$ cat run.json   # JSON, C-alpha atoms
[["chain", "number", "residue", "atom", "x", "y", "z"],
["A", 1, "MET", "CA", 26.17, 22.06, -31.76],
["A", 2, "GLN", "CA", 22.53, 22.90, -32.38],
["A", 3, "TYR", "CA", 19.96, 22.36, -29.63],
["A", 4, "ARG", "CA", 16.20, 22.19, -30.02],
["A", 5, "LEU", "CA", 13.58, 22.08, -27.26],
["A", 6, "SER", "CA", 9.86, 21.78, -27.85],
["A", 7, "GLY", "CA", 6.80, 21.91, -25.58],
["A", 8, "TYR", "CA", 4.08, 24.09, -24.04],
["A", 9, "GLY", "CA", 3.20, 25.36, -27.52],
["A", 10, "VAL", "CA", 6.63, 26.85, -28.28],
["A", 11, "GLU", "CA", 9.94, 25.76, -29.76],
["A", 12, "LEU", "CA", 13.42, 26.84, -28.70],
["A", 13, "ARG", "CA", 16.37, 26.32, -31.00],
["A", 14, "SER", "CA", 19.96, 27.49, -30.94],
["A", 15, "VAL", "CA", 20.43, 30.97, -32.37],
["A", 16, "VAL", "CA", 21.81, 30.96, -35.94],
["A", 17, "GLU", "CA", 23.41, 33.84, -37.81],
["A", 18, "SER", "CA", 20.24, 34.75, -39.70],
["A", 19, "ASP", "CA", 18.51, 35.43, -36.33],
["A", 20, "ILE", "CA", 20.98, 37.92, -34.95],
["A", 21, "GLU", "CA", 19.68, 41.11, -36.59],
["A", 22, "MET", "CA", 16.14, 40.42, -35.34],
["A", 23, "LEU", "CA", 17.52, 39.72, -31.85],
["A", 24, "ARG", "CA", 19.55, 42.93, -31.99],
["A", 25, "GLN", "CA", 16.47, 44.98, -32.92],
["A", 26, "TRP", "CA", 14.54, 43.52, -29.99],
["A", 27, "ARG", "CA", 17.44, 43.86, -27.56],
["A", 28, "ASN", "CA", 17.86, 47.55, -28.50],
["A", 29, "LYS", "CA", 14.23, 48.45, -27.76],
["A", 30, "ASP", "CA", 14.31, 50.98, -24.94],
["A", 31, "ASP", "CA", 12.05, 49.05, -22.59],
["A", 32, "ILE", "CA", 14.02, 45.80, -23.04],
["A", 33, "ARG", "CA", 17.49, 47.42, -23.01],
["A", 34, "SER", "CA", 16.72, 49.38, -19.86],
["A", 35, "MET", "CA", 16.07, 46.18, -17.90],
["A", 36, "MET", "CA", 19.38, 44.54, -18.89],
["A", 37, "LYS", "CA", 22.51, 44.53, -16.75],
["A", 38, "SER", "CA", 24.26, 46.16, -19.73],
["A", 39, "THR", "CA", 21.98, 48.86, -21.09],
["A", 40, "SER", "CA", 24.21, 50.01, -23.94],
["A", 41, "TYR", "CA", 22.97, 50.11, -27.53],
["A", 42, "ILE", "CA", 24.30, 47.15, -29.54],
["A", 43, "THR", "CA", 25.68, 47.86, -33.02],
["A", 44, "LYS", "CA", 25.59, 45.39, -35.92],
["A", 45, "GLU", "CA", 29.33, 44.87, -35.57],
["A", 46, "GLN", "CA", 29.08, 44.18, -31.83],
["A", 47, "GLN", "CA", 26.24, 41.73, -32.44],
["A", 48, "LYS", "CA", 28.26, 39.85, -35.07],
["A", 49, "ALA", "CA", 31.28, 39.72, -32.76],
["A", 50, "TRP", "CA", 29.05, 38.38, -29.97],
["A", 51, "PHE", "CA", 27.68, 35.67, -32.25],
["A", 52, "ASP", "CA", 31.13, 34.68, -33.54],
["A", 53, "GLY", "CA", 32.28, 34.30, -29.94],
["A", 54, "LEU", "CA", 29.56, 31.76, -29.23],
["A", 55, "GLU", "CA", 31.07, 29.11, -31.47],
["A", 56, "ASP", "CA", 33.33, 27.59, -28.82],
["A", 57, "ALA", "CA", 31.32, 28.61, -25.76],
["A", 58, "THR", "CA", 30.29, 25.65, -23.61],
["A", 59, "HIS", "CA", 29.03, 27.64, -20.61],
["A", 60, "VAL", "CA", 26.15, 29.35, -22.40],
["A", 61, "ARG", "CA", 23.31, 28.51, -24.79],
["A", 62, "HIS", "CA", 21.28, 31.14, -26.59],
["A", 63, "PHE", "CA", 17.90, 30.12, -27.97],
["A", 64, "LEU", "CA", 15.44, 31.74, -30.34],
["A", 65, "ILE", "CA", 11.88, 31.28, -29.03],
["A", 66, "SER", "CA", 9.35, 30.48, -31.77],
["A", 67, "TYR", "CA", 5.58, 30.38, -31.53],
["A", 68, "LYS", "CA", 3.53, 29.24, -34.52],
["A", 69, "GLU", "CA", 6.80, 29.06, -36.50],
["A", 70, "GLN", "CA", 7.56, 32.75, -35.89],
["A", 71, "GLY", "CA", 10.43, 34.12, -33.83],
["A", 72, "VAL", "CA", 9.05, 35.88, -30.75],
["A", 73, "GLY", "CA", 11.88, 36.18, -28.24],
["A", 74, "SER", "CA", 15.16, 35.10, -26.73],
["A", 75, "ALA", "CA", 16.12, 32.69, -23.94],
["A", 76, "THR", "CA", 19.61, 32.25, -22.50],
["A", 77, "LEU", "CA", 21.05, 29.65, -20.15],
["A", 78, "THR", "CA", 24.42, 30.32, -18.50],
["A", 79, "GLY", "CA", 26.25, 27.88, -16.28],
["A", 80, "THR", "CA", 27.50, 29.74, -13.26],
["A", 81, "SER", "CA", 28.98, 29.06, -9.89],
["A", 82, "PHE", "CA", 27.14, 31.29, -7.44],
["A", 83, "VAL", "CA", 29.92, 31.25, -4.88],
["A", 84, "SER", "CA", 32.87, 31.95, -7.15],
["A", 85, "GLY", "CA", 31.09, 33.88, -9.87],
["A", 86, "PHE", "CA", 32.98, 31.85, -12.49],
["A", 87, "THR", "CA", 31.04, 30.30, -15.33],
["A", 88, "ASP", "CA", 30.76, 26.53, -15.63],
["A", 89, "ASP", "CA", 30.38, 24.23, -18.58],
["A", 90, "LEU", "CA", 26.61, 23.93, -18.98],
["A", 91, "GLU", "CA", 26.58, 20.13, -19.05],
["A", 92, "ASN", "CA", 28.33, 19.97, -15.65],
["A", 93, "ALA", "CA", 26.86, 23.06, -14.00],
["A", 94, "LYS", "CA", 25.19, 22.73, -10.62],
["A", 95, "GLU", "CA", 23.59, 26.09, -11.11],
["A", 96, "ILE", "CA", 22.32, 27.85, -14.24],
["A", 97, "GLU", "CA", 21.32, 31.48, -14.68],
["A", 98, "THR", "CA", 18.28, 31.99, -16.88],
["A", 99, "GLY", "CA", 17.45, 35.02, -18.99],
["A", 100, "LEU", "CA", 14.45, 35.63, -21.21],
["A", 101, "TYR", "CA", 12.62, 38.35, -23.06],
["A", 102, "ILE", "CA", 9.75, 38.47, -25.51],
["A", 103, "GLY", "CA", 10.61, 40.88, -28.32],
["A", 104, "HIS", "CA", 7.73, 40.42, -30.75],
["A", 105, "GLU", "CA", 5.23, 43.24, -30.14],
["A", 106, "SER", "CA", 2.17, 40.98, -30.50],
["A", 107, "TYR", "CA", 3.25, 38.81, -27.57],
["A", 108, "ARG", "CA", 4.83, 41.30, -25.15],
["A", 109, "ASN", "CA", 1.79, 41.35, -22.86],
["A", 110, "ASN", "CA", 0.82, 37.73, -23.01],
["A", 111, "ILE", "CA", 0.88, 34.55, -20.98],
["A", 112, "LEU", "CA", 3.11, 33.14, -23.74],
["A", 113, "ALA", "CA", 6.22, 34.14, -21.76],
["A", 114, "PHE", "CA", 5.52, 31.26, -19.36],
["A", 115, "ALA", "CA", 5.93, 28.66, -22.11],
["A", 116, "PRO", "CA", 9.66, 29.12, -22.83],
["A", 117, "SER", "CA", 10.35, 29.47, -19.10],
["A", 118, "LEU", "CA", 8.63, 26.17, -18.34],
["A", 119, "LEU", "CA", 10.50, 24.51, -21.20],
["A", 120, "THR", "CA", 13.91, 25.73, -20.04],
["A", 121, "CYS", "CA", 13.16, 24.86, -16.40],
["A", 122, "ASP", "CA", 12.18, 21.30, -17.39],
["A", 123, "TYR", "CA", 15.33, 21.03, -19.51],
["A", 124, "CYS", "CA", 17.63, 22.31, -16.76],
["A", 125, "PHE", "CA", 16.14, 20.26, -13.93],
["A", 126, "ASP", "CA", 15.33, 17.02, -15.79],
["A", 127, "GLU", "CA", 17.98, 16.78, -18.50],
["A", 128, "LEU", "CA", 20.92, 18.85, -17.26],
["A", 129, "GLN", "CA", 20.12, 17.82, -13.66],
["A", 130, "VAL", "CA", 21.07, 21.18, -12.14],
["A", 131, "GLU", "CA", 20.51, 21.77, -8.43],
["A", 132, "ARG", "CA", 19.09, 25.25, -8.83],
["A", 133, "LEU", "CA", 18.36, 28.03, -11.27],
["A", 134, "VAL", "CA", 19.11, 31.67, -10.60],
["A", 135, "ALA", "CA", 17.73, 34.85, -12.12],
["A", 136, "THR", "CA", 18.56, 38.50, -11.66],
["A", 137, "VAL", "CA", 15.84, 41.09, -12.12],
["A", 138, "ASN", "CA", 15.95, 44.89, -12.11],
["A", 139, "SER", "CA", 13.92, 45.98, -9.06],
["A", 140, "SER", "CA", 11.90, 48.42, -11.18],
["A", 141, "ASN", "CA", 10.69, 45.59, -13.43],
["A", 142, "LYS", "CA", 7.59, 44.77, -11.38],
["A", 143, "GLN", "CA", 6.19, 42.47, -14.04],
["A", 144, "ALA", "CA", 9.33, 40.32, -14.10],
["A", 145, "LEU", "CA", 9.52, 40.24, -10.29],
["A", 146, "SER", "CA", 5.99, 38.92, -10.07],
["A", 147, "TYR", "CA", 6.58, 36.57, -13.00],
["A", 148, "ASN", "CA", 9.60, 34.96, -11.33],
["A", 149, "GLU", "CA", 7.66, 34.43, -8.12],
["A", 150, "ARG", "CA", 4.87, 32.73, -10.08],
["A", 151, "LEU", "CA", 7.48, 30.29, -11.39],
["A", 152, "GLY", "CA", 8.45, 29.47, -7.80],
["A", 153, "TYR", "CA", 11.63, 31.57, -7.58],
["A", 154, "LYS", "CA", 12.53, 32.80, -4.10],
["A", 155, "LYS", "CA", 14.27, 36.10, -3.41],
["A", 156, "LEU", "CA", 17.87, 35.56, -2.36],
["A", 157, "SER", "CA", 19.59, 38.94, -2.16],
["A", 158, "ARG", "CA", 19.77, 42.43, -3.59],
["A", 159, "PHE", "CA", 22.65, 44.45, -4.94],
["A", 160, "PHE", "CA", 23.31, 47.75, -6.70],
["A", 161, "THR", "CA", 25.18, 48.71, -9.86],
["A", 162, "GLU", "CA", 26.15, 52.04, -11.40],
["A", 163, "VAL", "CA", 25.05, 52.40, -15.02],
["A", 164, "SER", "CA", 26.59, 55.05, -17.27],
["A", 165, "GLU", "CA", 24.83, 56.11, -20.44],
["A", 166, "GLN", "CA", 26.00, 58.70, -22.98],
["A", 167, "THR", "CA", 22.99, 60.99, -23.43],
["A", 168, "SER", "CA", 24.70, 63.46, -25.79],
["A", 169, "SER", "CA", 28.17, 64.02, -27.23],
["A", 170, "LYS", "CA", 29.24, 65.83, -24.05],
["A", 171, "GLU", "CA", 27.04, 64.37, -21.36],
["A", 172, "ILE", "CA", 27.20, 61.02, -19.62],
["A", 173, "LYS", "CA", 24.35, 60.20, -17.26],
["A", 174, "THR", "CA", 25.04, 57.84, -14.40],
["A", 175, "SER", "CA", 22.28, 56.12, -12.51],
["A", 176, "ARG", "CA", 22.14, 53.61, -9.67],
["A", 177, "GLN", "CA", 20.25, 50.40, -10.39],
["A", 178, "GLU", "CA", 18.92, 47.97, -7.82],
["A", 179, "TRP", "CA", 18.84, 44.26, -8.66],
["A", 180, "ILE", "CA", 17.11, 41.32, -7.00],
["A", 181, "SER", "CA", 18.67, 37.84, -7.16],
["A", 182, "PHE", "CA", 16.29, 34.90, -7.21],
["A", 183, "THR", "CA", 16.89, 31.18, -6.85],
["A", 184, "LEU", "CA", 14.69, 28.25, -7.87],
["A", 185, "VAL", "CA", 14.87, 24.60, -6.86],
["A", 186, "ARG", "CA", 12.96, 21.83, -8.64],
["A", 187, "LYS", "CA", 10.52, 21.16, -5.78],
["A", 188, "ASP", "CA", 9.38, 24.80, -5.64],
["A", 189, "TYR", "CA", 9.14, 24.96, -9.44],
["A", 190, "ILE", "CA", 6.93, 21.86, -9.66],
["A", 191, "GLU", "CA", 4.63, 23.08, -6.88],
["A", 192, "ALA", "CA", 4.30, 26.65, -8.14],
["A", 193, "THR", "CA", 3.69, 25.82, -11.80],
["A", 194, "LYS", "CA", 1.44, 22.76, -11.65],
["A", 195, "GLN", "CA", -1.60, 24.61, -12.97],
["A", 196, "VAL", "CA", 0.09, 26.60, -15.71],
["A", 197, "ARG", "CA", 2.05, 23.56, -16.91],
["A", 198, "ASN", "CA", -1.22, 21.64, -17.25],
["A", 199, "LEU", "CA", -2.88, 24.47, -19.15],
["A", 200, "LEU", "CA", 0.00, 24.93, -21.58],
["A", 201, "SER", "CA", 0.57, 21.24, -22.28],
["A", 202, "ARG", "CA", -2.74, 20.52, -23.92],
["A", 203, "ASN", "CA", -2.66, 19.11, -27.43],
["A", 204, "ARG", "CA", -3.55, 21.16, -30.45],
["A", 205, "SER", "CA", -7.00, 19.95, -31.47],
["A", 206, "ARG", "CA", -7.32, 21.95, -34.67],
["B", 1, "MET", "CA", -27.97, 34.47, -19.76],
["B", 2, "ASN", "CA", -27.00, 34.91, -23.40],
["B", 3, "ASN", "CA", -23.45, 34.26, -24.58],
["B", 4, "SER", "CA", -22.30, 37.87, -24.21],
["B", 5, "GLU", "CA", -23.53, 37.95, -20.62],
["B", 6, "LYS", "CA", -21.88, 34.61, -19.90],
["B", 7, "LEU", "CA", -18.59, 35.94, -21.29],
["B", 8, "VAL", "CA", -18.75, 39.11, -19.19],
["B", 9, "GLN", "CA", -19.64, 37.06, -16.13],
["B", 10, "SER", "CA", -16.64, 34.82, -16.69],
["B", 11, "PHE", "CA", -14.32, 37.84, -16.72],
["B", 12, "VAL", "CA", -16.03, 39.38, -13.68],
["B", 13, "THR", "CA", -15.65, 36.16, -11.67],
["B", 14, "ALA", "CA", -12.11, 35.30, -12.76],
["B", 15, "LEU", "CA", -10.61, 38.78, -12.59],
["B", 16, "ASN", "CA", -12.77, 40.05, -9.74],
["B", 17, "ILE", "CA", -13.64, 43.24, -11.63],
["B", 18, "LYS", "CA", -16.84, 45.12, -12.45],
["B", 19, "ALA", "CA", -18.89, 44.21, -15.53],
["B", 20, "GLU", "CA", -18.40, 47.75, -16.92],
["B", 21, "GLN", "CA", -14.66, 47.08, -17.11],
["B", 22, "VAL", "CA", -15.17, 44.15, -19.47],
["B", 23, "THR", "CA", -14.82, 45.87, -22.84],
["B", 24, "ASP", "CA", -13.32, 44.55, -26.08],
["B", 25, "SER", "CA", -10.21, 46.65, -25.56],
["B", 26, "LEU", "CA", -9.35, 45.20, -22.15],
["B", 27, "THR", "CA", -6.03, 43.32, -22.46],
["B", 28, "TYR", "CA", -3.97, 40.90, -20.40],
["B", 29, "ASN", "CA", -1.72, 42.67, -17.86],
["B", 30, "GLU", "CA", -3.37, 46.03, -18.64],
["B", 31, "ILE", "CA", -4.93, 45.94, -15.19],
["B", 32, "SER", "CA", -3.35, 44.30, -12.18],
["B", 33, "GLU", "CA", -6.36, 42.00, -11.81],
["B", 34, "TRP", "CA", -5.66, 40.25, -15.12],
["B", 35, "ASP", "CA", -2.39, 38.52, -14.29],
["B", 36, "SER", "CA", -1.28, 34.96, -15.01],
["B", 37, "THR", "CA", -3.15, 33.48, -12.06],
["B", 38, "ALA", "CA", -6.39, 35.22, -13.05],
["B", 39, "HIS", "CA", -5.81, 34.10, -16.64],
["B", 40, "MET", "CA", -5.83, 30.47, -15.55],
["B", 41, "ILE", "CA", -9.02, 31.02, -13.55],
["B", 42, "LEU", "CA", -10.53, 32.78, -16.57],
["B", 43, "ILE", "CA", -9.81, 29.79, -18.81],
["B", 44, "ALA", "CA", -11.49, 27.46, -16.30],
["B", 45, "GLU", "CA", -14.51, 29.82, -16.08],
["B", 46, "LEU", "CA", -14.93, 30.07, -19.85],
["B", 47, "GLU", "CA", -14.62, 26.31, -20.25],
["B", 48, "ASP", "CA", -17.20, 25.78, -17.54],
["B", 49, "GLN", "CA", -19.65, 28.42, -18.82],
["B", 50, "PHE", "CA", -19.52, 27.30, -22.44],
["B", 51, "ASP", "CA", -18.78, 23.60, -21.90],
["B", 52, "ILE", "CA", -15.72, 23.61, -24.13],
["B", 53, "MET", "CA", -12.04, 22.63, -23.86],
["B", 54, "LEU", "CA", -9.63, 25.28, -25.13],
["B", 55, "ASP", "CA", -6.33, 24.15, -26.63],
["B", 56, "THR", "CA", -2.92, 25.56, -25.73],
["B", 57, "ASP", "CA", -2.69, 28.02, -28.64],
["B", 58, "ASP", "CA", -6.07, 29.49, -27.75],
["B", 59, "ILE", "CA", -5.10, 29.85, -24.09],
["B", 60, "ILE", "CA", -1.96, 31.74, -25.18],
["B", 61, "ASP", "CA", -3.74, 33.85, -27.82],
["B", 62, "MET", "CA", -6.54, 34.97, -25.49],
["B", 63, "SER", "CA", -4.86, 38.27, -24.67],
["B", 64, "SER", "CA", -7.92, 40.56, -24.80],
["B", 65, "VAL", "CA", -11.69, 40.45, -24.48],
["B", 66, "ALA", "CA", -11.99, 40.97, -28.25],
["B", 67, "GLU", "CA", -9.59, 38.08, -28.85],
["B", 68, "ALA", "CA", -11.58, 35.91, -26.43],
["B", 69, "LYS", "CA", -14.73, 36.46, -28.51],
["B", 70, "LYS", "CA", -12.85, 35.59, -31.70],
["B", 71, "ILE", "CA", -11.46, 32.40, -30.17],
["B", 72, "MET", "CA", -14.80, 31.37, -28.69],
["B", 73, "SER", "CA", -16.39, 31.65, -32.13],
["B", 74, "LYS", "CA", -14.10, 28.81, -33.28],
["B", 75, "TYR", "CA", -15.91, 26.68, -30.71],
["B", 76, "ASP", "CA", -19.28, 27.60, -32.27],
["B", 77, "VAL", "CA", -20.06, 30.20, -29.62],
["B", 78, "SER", "CA", -21.59, 33.28, -31.24],
["B", 79, "PHE", "CA", -21.92, 36.79, -29.77]]
$ encode --input "run.json" --output "structure tokens"
Amino acid sequence: MQYRLSGYGVELRSVVESDIEMLRQWRNKDDIRSMMKSTSYITKEQQKAWFDGLEDATHVRHFLISYKEQGVGSATLTGTSFVSGFTDDLENAKEIETGLYIGHESYRNNILAFAPSLLTCDYCFDELQVERLVATVNSSNKQALSYNERLGYKKLSRFFTEVSEQTSSKEIKTSRQEWISFTLVRKDYIEATKQVRNLLSRNRSR
Amino acid sequence: MNNSEKLVQSFVTALNIKAEQVTDSLTYNEISEWDSTAHMILIAELEDQFDIMLDTDDIIDMSSVAEAKKIMSKYDVSF
């Protein structure tokens, strides 16, 4: 099933096969990849296998973010049970994990990133009626930490992971990553984003 | 004040920076003072100074001082 969300100057639609190479190129950029839970380089074959696996998935929706009819980034919603760690069907989830990145170079340092976040928050709280959203951010990603707090997210916990990366044919480098878990309820979202929602919901006059 | 001075003043007030820092090459998030909150204050300042109402695309596209001048020119503000 194809989904389409529109508002705050951007459009989100379900990822289709013709999008996946562009998404792969963005996802493999060093500065984006390094902030992911899985930092490995994604091959074309792996990307195709990932896309093929989405066909029957009901717990996750992957969107392409478009601005002025041009793909600029990726947004993902995953139904998840915080207590059990098991994924839930998105339509029945009480809690959804959000993920987002802007891949298009022209919009990496831009207030645009707020638009798809506001759109997905509205969709999750108002249409899917979830109780809370969660997000996990690498503790070194200061911009994303501050960004989540501006959306009203509250810090919940922190945890560590070991990440292994093959740096040469003989060497594997292992590093310890710190992650911060955030949670967002509708009341905090509405309060924190009143001003930015107003600014980004103006009509196009020209 | 002429339009260039008004523009610089808007950035100075909204971002709480010195006038010398307001150059064409200054971009959003390049300095800690120009974050999303300051961006919203900046929009309000520009609208107040030039008596205009920016639309959503212009608010999003205003990612540098140079871009701000370009956008303002669409509202018949010349520099």
$ closest_residue --input "run.json" --among "B:Gln49, B:Thr27, B:Ala14, B:Ile41" --to "Met1 in chain B" --atoms "only C-alpha atoms"
B:Gln49
$ residues_around --input "run.json" --residues "Asp56 in chain A" --least-positions-apart "5" --cutoff "12 Å" --atoms "only C-alpha atoms" --output "number ranges by chain"
A: 1, 50-51, 61, 89
$ interface_residues --input "run.json" --of "chain B" --to "chain A" --cutoff "6 Å" --atoms "only C-alpha atoms" --output "list in words"
Asp55, Thr56, Ile60 and Ser63 of chain B
$ atom_distance --input "run.json" --atom1 "CA of Val163 in chain A" --atom2 "CA of Ser175 in chain A"
5.3 Å
$ closest_residue --input "run.json" --among "B:Glu33, B:Asp48, B:Asp76, B:Asp61" --to "Asn16 in chain B" --atoms "only C-alpha atoms"
B:Glu33
$ residues_around --input "run.json" --residues "Ser25 in chain B" --least-positions-apart "6" --cutoff "9 Å" --atoms "all atoms listed in the file" --output "VMD selection string"
chain B and resid 64 to 66
$ decode --input "run.json" --residues "range 47-59 of chain B" --atoms "N, CA and C atoms" --output "PDB file, in the first residue's frame"
ATOM      1  N   GLU B  47      10.208  40.422   8.907  1.00  0.00           N
ATOM      2  CA  GLU B  47       8.834  40.791   8.534  1.00  0.00           C
ATOM      3  C   GLU B  47       8.450  42.129   9.150  1.00  0.00           C
ATOM      4  N   ASP B  48       8.930  42.340  10.348  1.00  0.00           N
ATOM      5  CA  ASP B  48       8.626  43.597  11.051  1.00  0.00           C
ATOM      6  C   ASP B  48       9.368  44.768  10.407  1.00  0.00           C
ATOM      7  N   GLN B  49      10.664  44.569  10.154  1.00  0.00           N
ATOM      8  CA  GLN B  49      11.502  45.645   9.591  1.00  0.00           C
ATOM      9  C   GLN B  49      11.033  46.063   8.199  1.00  0.00           C
ATOM     10  N   PHE B  50      10.648  45.076   7.393  1.00  0.00           N
ATOM     11  CA  PHE B  50      10.328  45.387   5.996  1.00  0.00           C
ATOM     12  C   PHE B  50       8.822  45.339   5.700  1.00  0.00           C
ATOM     13  N   ASP B  51       8.032  45.117   6.731  1.00  0.00           N
ATOM     14  CA  ASP B  51       6.573  45.095   6.597  1.00  0.00           C
ATOM     15  C   ASP B  51       6.122  44.141   5.479  1.00  0.00           C
ATOM     16  N   ILE B  52       6.576  42.926   5.583  1.00  0.00           N
ATOM     17  CA  ILE B  52       6.227  41.898   4.594  1.00  0.00           C
ATOM     18  C   ILE B  52       5.771  40.635   5.325  1.00  0.00           C
ATOM     19  N   MET B  53       5.237  39.680   4.569  1.00  0.00           N
ATOM     20  CA  MET B  53       4.855  38.383   5.136  1.00  0.00           C
ATOM     21  C   MET B  53       5.493  37.306   4.259  1.00  0.00           C
ATOM     22  N   LEU B  54       6.490  36.635   4.797  1.00  0.00           N
ATOM     23  CA  LEU B  54       7.209  35.611   4.029  1.00  0.00           C
ATOM     24  C   LEU B  54       6.369  34.334   3.949  1.00  0.00           C
ATOM     25  N   ASP B  55       6.444  33.625   2.826  1.00  0.00           N
ATOM     26  CA  ASP B  55       5.702  32.359   2.775  1.00  0.00           C
ATOM     27  C   ASP B  55       6.618  31.198   3.182  1.00  0.00           C
ATOM     28  N   THR B  56       6.020  30.028   3.345  1.00  0.00           N
ATOM     29  CA  THR B  56       6.745  28.881   3.909  1.00  0.00           C
ATOM     30  C   THR B  56       8.014  28.541   3.140  1.00  0.00           C
ATOM     31  N   ASP B  57       7.935  28.526   1.812  1.00  0.00           N
ATOM     32  CA  ASP B  57       9.124  28.175   1.018  1.00  0.00           C
ATOM     33  C   ASP B  57      10.264  29.160   1.281  1.00  0.00           C
ATOM     34  N   ASP B  58       9.923  30.433   1.423  1.00  0.00           N
ATOM     35  CA  ASP B  58      10.968  31.434   1.659  1.00  0.00           C
ATOM     36  C   ASP B  58      11.585  31.279   3.049  1.00  0.00           C
ATOM     37  N   ILE B  59      10.756  30.922   4.010  1.00  0.00           N
ATOM     38  CA  ILE B  59      11.265  30.688   5.375  1.00  0.00           C
ATOM     39  C   ILE B  59      12.246  29.507   5.369  1.00  0.00           C
TER      40      ILE B  59
END
